[in-house]
Amino acid sequence: MTNSVVHGLPRWSLAVPPLALVVLVLSWGRDLGTVLLVLVCAGLGAAVIAAVHHAEVVAHKVGEPFGTLILALAVTVIEVALIVTLMASGGDKAASLARDTVFAAVMITCNGILGLSLVVGSLRHRTQQFRVHASGSALAVITALVTLSLVLPTFTTSTPGATFSSAQLAFAGVVSLVMYGVFVFVQTIRHRDYFLPVENEAVVAAPRTQARREVPEADAEVGADVVAEIVEGEDDDEETHAAAPSGRVALVSLGMLFLCLIAVVGLAKTVSPKLEDAVASAGAPVAVVGVIIALLVLLPETVAAVRAALRNRLQTSLNLALGSALASIGLTIPAIALASIWLDGPLVLGLSGTEMVLFALTVVISQLTLATGRATLLQGVTHLMVFSAFLFLAVSP
């Protein structure tokens, strides 16, 4: 143990959660001045970074794909809490907040996070591999969930506008929960091996001292390069090959993660009035608020996915991106359906024509990207350009 580490965890990661909670207590219910606003934003950013760290510690302990699932669920808890609290205090102007935030989460994960991971990974490793059956099945579930929850309300006739009736909303909530539950069962139990990172089978199966002899002769040159990179770069990939943390350390990180989530939700709620005022003063549509919220809560996922891509573990990045999209829809819609019992005002869920076109384009290019099992720079840039179009049209519809 060094001066910078306590019980296996960096001191900063243990200090940030309580400090962020102190900032939350000091700012709760107050009109934020310049100094307090800076403190809230700093505490919010620090809490997000600490949440990423502690989520990765827990993920390292439980292994894949449970690790990515924990982070996805943690981020979704933040998102649902923010949506419900903002809707409870926002009145009619927050009627479309759930739709805007969930759709933004889908576009951010399927285009922003996915595209960024492909770009940084391909720039470092040229071509990366992933498992087609895992990523393709996740995309299929995302397509069904978005269509049933966010597209259909635009075309139903039981209620006016892009809304569901109470029965329809309850049905959509149950369907979303069932589909997400089955996906988690398949991901973690039934076909867990489908979602594990792609490795060099020959190298992984053999001890490091014998790895070079296990590479097929036909691929001797390529295999030798792979083995050399793994053996020589072992110190550069400590997070991948380091020993798993102890159970005590993992429990401490789980507790710190919980505190970070409380701080993020509370601080985001505190800063939301300033955020809404800034959006209104800029003349931007109300939907921009949902986009900003989604960008904020998905920051931990983005950082974790990019780091995994840099370590040549693209399957982990895909698990994070697509898993977050699934959790966002599969858990948010049931939560909103339940919250609508006591929330006043309409609940607008149906997407506009522009948003449906962007979603259809996302499904098509995602299917083409995930169909080959190999990713390149071109595919990543394509996803990022669709994401930039989404951001541009959100501000300038």
# chains A, B, ... in the order shown; residues from 1 in each chain; ligands from 1
$ residues_around --residues "A:Thr154" --least-positions-apart "5" --cutoff "7 Å" --atoms "only C-alpha atoms" --output "VMD selection string"
chain A and resid 161 to 163 350 to 351
$ write_last_selection --atoms "N, CA and C atoms" --output "CSV table (one decimal), in the first residue's frame"
chain,number,residue,atom,x,y,z
A,161,GLY,N,-52.5,12.9,-30.5
A,161,GLY,CA,-51.1,13.2,-30.5
A,161,GLY,C,-50.3,11.9,-30.4
A,162,ALA,N,-49.0,12.1,-30.2
A,162,ALA,CA,-48.0,11.0,-30.2
A,162,ALA,C,-48.0,10.4,-28.8
A,163,THR,N,-49.1,9.9,-28.3
A,163,THR,CA,-49.2,9.3,-26.9
A,163,THR,C,-49.8,8.0,-27.0
A,350,GLY,N,-44.2,9.4,-28.9
A,350,GLY,CA,-44.0,9.1,-30.3
A,350,GLY,C,-42.9,10.0,-30.9
A,351,LEU,N,-42.1,9.4,-31.8
A,351,LEU,CA,-41.0,10.1,-32.4
A,351,LEU,C,-41.6,11.0,-33.6
$ select_by_dssp --residues "stretch 143-387 of chain A" --states "helix (DSSP H, G or I)" --output "PyMOL selection string"
chain A and resi 143-154+166-190+192-195+201-205+208-214+217-232+234-241+247-281+287-297+299-310+314-339+353-370+377-387
$ closest_residue --among "A:Leu310, A:Leu349, A:Leu97, A:Ala170" --to "A:Thr156" --atoms "only C-alpha atoms"
A:Leu349
$ residues_around --residues "A:Lys274" --least-positions-apart "6" --cutoff "10 Å" --atoms "only C-alpha atoms" --output "MDAnalysis selection string"
chainID A and resid 31:32 37 280
$ closest_atom_pairs --of "stretch 85-155 of chain A" --to "stretch 357-370 of chain A" --cutoff "12 Å" --atoms "only C-alpha atoms" --output "JSON lines"
{"residue": "A:Phe103", "atom": "CA", "partner": "A:Phe359", "partner_atom": "CA", "distance": 8.7}
{"residue": "A:Ala104", "atom": "CA", "partner": "A:Phe359", "partner_atom": "CA", "distance": 10.4}
{"residue": "A:Ala105", "atom": "CA", "partner": "A:Phe359", "partner_atom": "CA", "distance": 11.7}
{"residue": "A:Val106", "atom": "CA", "partner": "A:Phe359", "partner_atom": "CA", "distance": 8.6}
{"residue": "A:Met107", "atom": "CA", "partner": "A:Phe359", "partner_atom": "CA", "distance": 7.6}
{"residue": "A:Ile108", "atom": "CA", "partner": "A:Thr362", "partner_atom": "CA", "distance": 10.7}
{"residue": "A:Thr109", "atom": "CA", "partner": "A:Thr362", "partner_atom": "CA", "distance": 10.7}
{"residue": "A:Cys110", "atom": "CA", "partner": "A:Thr362", "partner_atom": "CA", "distance": 7.3}
{"residue": "A:Asn111", "atom": "CA", "partner": "A:Thr362", "partner_atom": "CA", "distance": 7.2}
{"residue": "A:Gly112", "atom": "CA", "partner": "A:Thr362", "partner_atom": "CA", "distance": 10.9}
{"residue": "A:Leu114", "atom": "CA", "partner": "A:Ser366", "partner_atom": "CA", "distance": 9.3}
{"residue": "A:Gly115", "atom": "CA", "partner": "A:Ser366", "partner_atom": "CA", "distance": 10.0}
{"residue": "A:Leu118", "atom": "CA", "partner": "A:Thr369", "partner_atom": "CA", "distance": 10.1}
{"residue": "A:Gln128", "atom": "CA", "partner": "A:Leu370", "partner_atom": "CA", "distance": 11.7}
{"residue": "A:Gln129", "atom": "CA", "partner": "A:Leu370", "partner_atom": "CA", "distance": 10.1}
{"residue": "A:Phe130", "atom": "CA", "partner": "A:Leu370", "partner_atom": "CA", "distance": 8.4}
{"residue": "A:Arg131", "atom": "CA", "partner": "A:Leu370", "partner_atom": "CA", "distance": 8.5}
{"residue": "A:Val132", "atom": "CA", "partner": "A:Leu370", "partner_atom": "CA", "distance": 6.1}
{"residue": "A:His133", "atom": "CA", "partner": "A:Leu370", "partner_atom": "CA", "distance": 8.9}
{"residue": "A:Ala134", "atom": "CA", "partner": "A:Leu370", "partner_atom": "CA", "distance": 9.4}
{"residue": "A:Ser135", "atom": "CA", "partner": "A:Leu370", "partner_atom": "CA", "distance": 6.5}
{"residue": "A:Gly136", "atom": "CA", "partner": "A:Leu370", "partner_atom": "CA", "distance": 6.2}
{"residue": "A:Ser137", "atom": "CA", "partner": "A:Leu370", "partner_atom": "CA", "distance": 9.9}
{"residue": "A:Ala138", "atom": "CA", "partner": "A:Leu370", "partner_atom": "CA", "distance": 10.3}
{"residue": "A:Leu139", "atom": "CA", "partner": "A:Gln367", "partner_atom": "CA", "distance": 7.5}
{"residue": "A:Ala140", "atom": "CA", "partner": "A:Val363", "partner_atom": "CA", "distance": 8.9}
{"residue": "A:Val141", "atom": "CA", "partner": "A:Val363", "partner_atom": "CA", "distance": 11.2}
{"residue": "A:Ile142", "atom": "CA", "partner": "A:Val363", "partner_atom": "CA", "distance": 9.0}
{"residue": "A:Thr143", "atom": "CA", "partner": "A:Val363", "partner_atom": "CA", "distance": 7.0}
{"residue": "A:Ala144", "atom": "CA", "partner": "A:Val363", "partner_atom": "CA", "distance": 10.7}
{"residue": "A:Val146", "atom": "CA", "partner": "A:Phe359", "partner_atom": "CA", "distance": 8.8}
{"residue": "A:Thr147", "atom": "CA", "partner": "A:Phe359", "partner_atom": "CA", "distance": 9.4}
{"residue": "A:Leu150", "atom": "CA", "partner": "A:Phe359", "partner_atom": "CA", "distance": 10.4}
{"residue": "A:Val151", "atom": "CA", "partner": "A:Phe359", "partner_atom": "CA", "distance": 9.7}
$ residues_around --residues "A:His191" --least-positions-apart "3" --cutoff "12 Å" --atoms "only C-alpha atoms" --output "ChimeraX atom specification"
/A:65,133-134,137,182-188,194-196
$ residues_around --residues "A:Ser396" --least-positions-apart "5" --cutoff "12 Å" --atoms "only C-alpha atoms" --output "PyMOL selection string"
chain A and resi 282-288+354+388-391
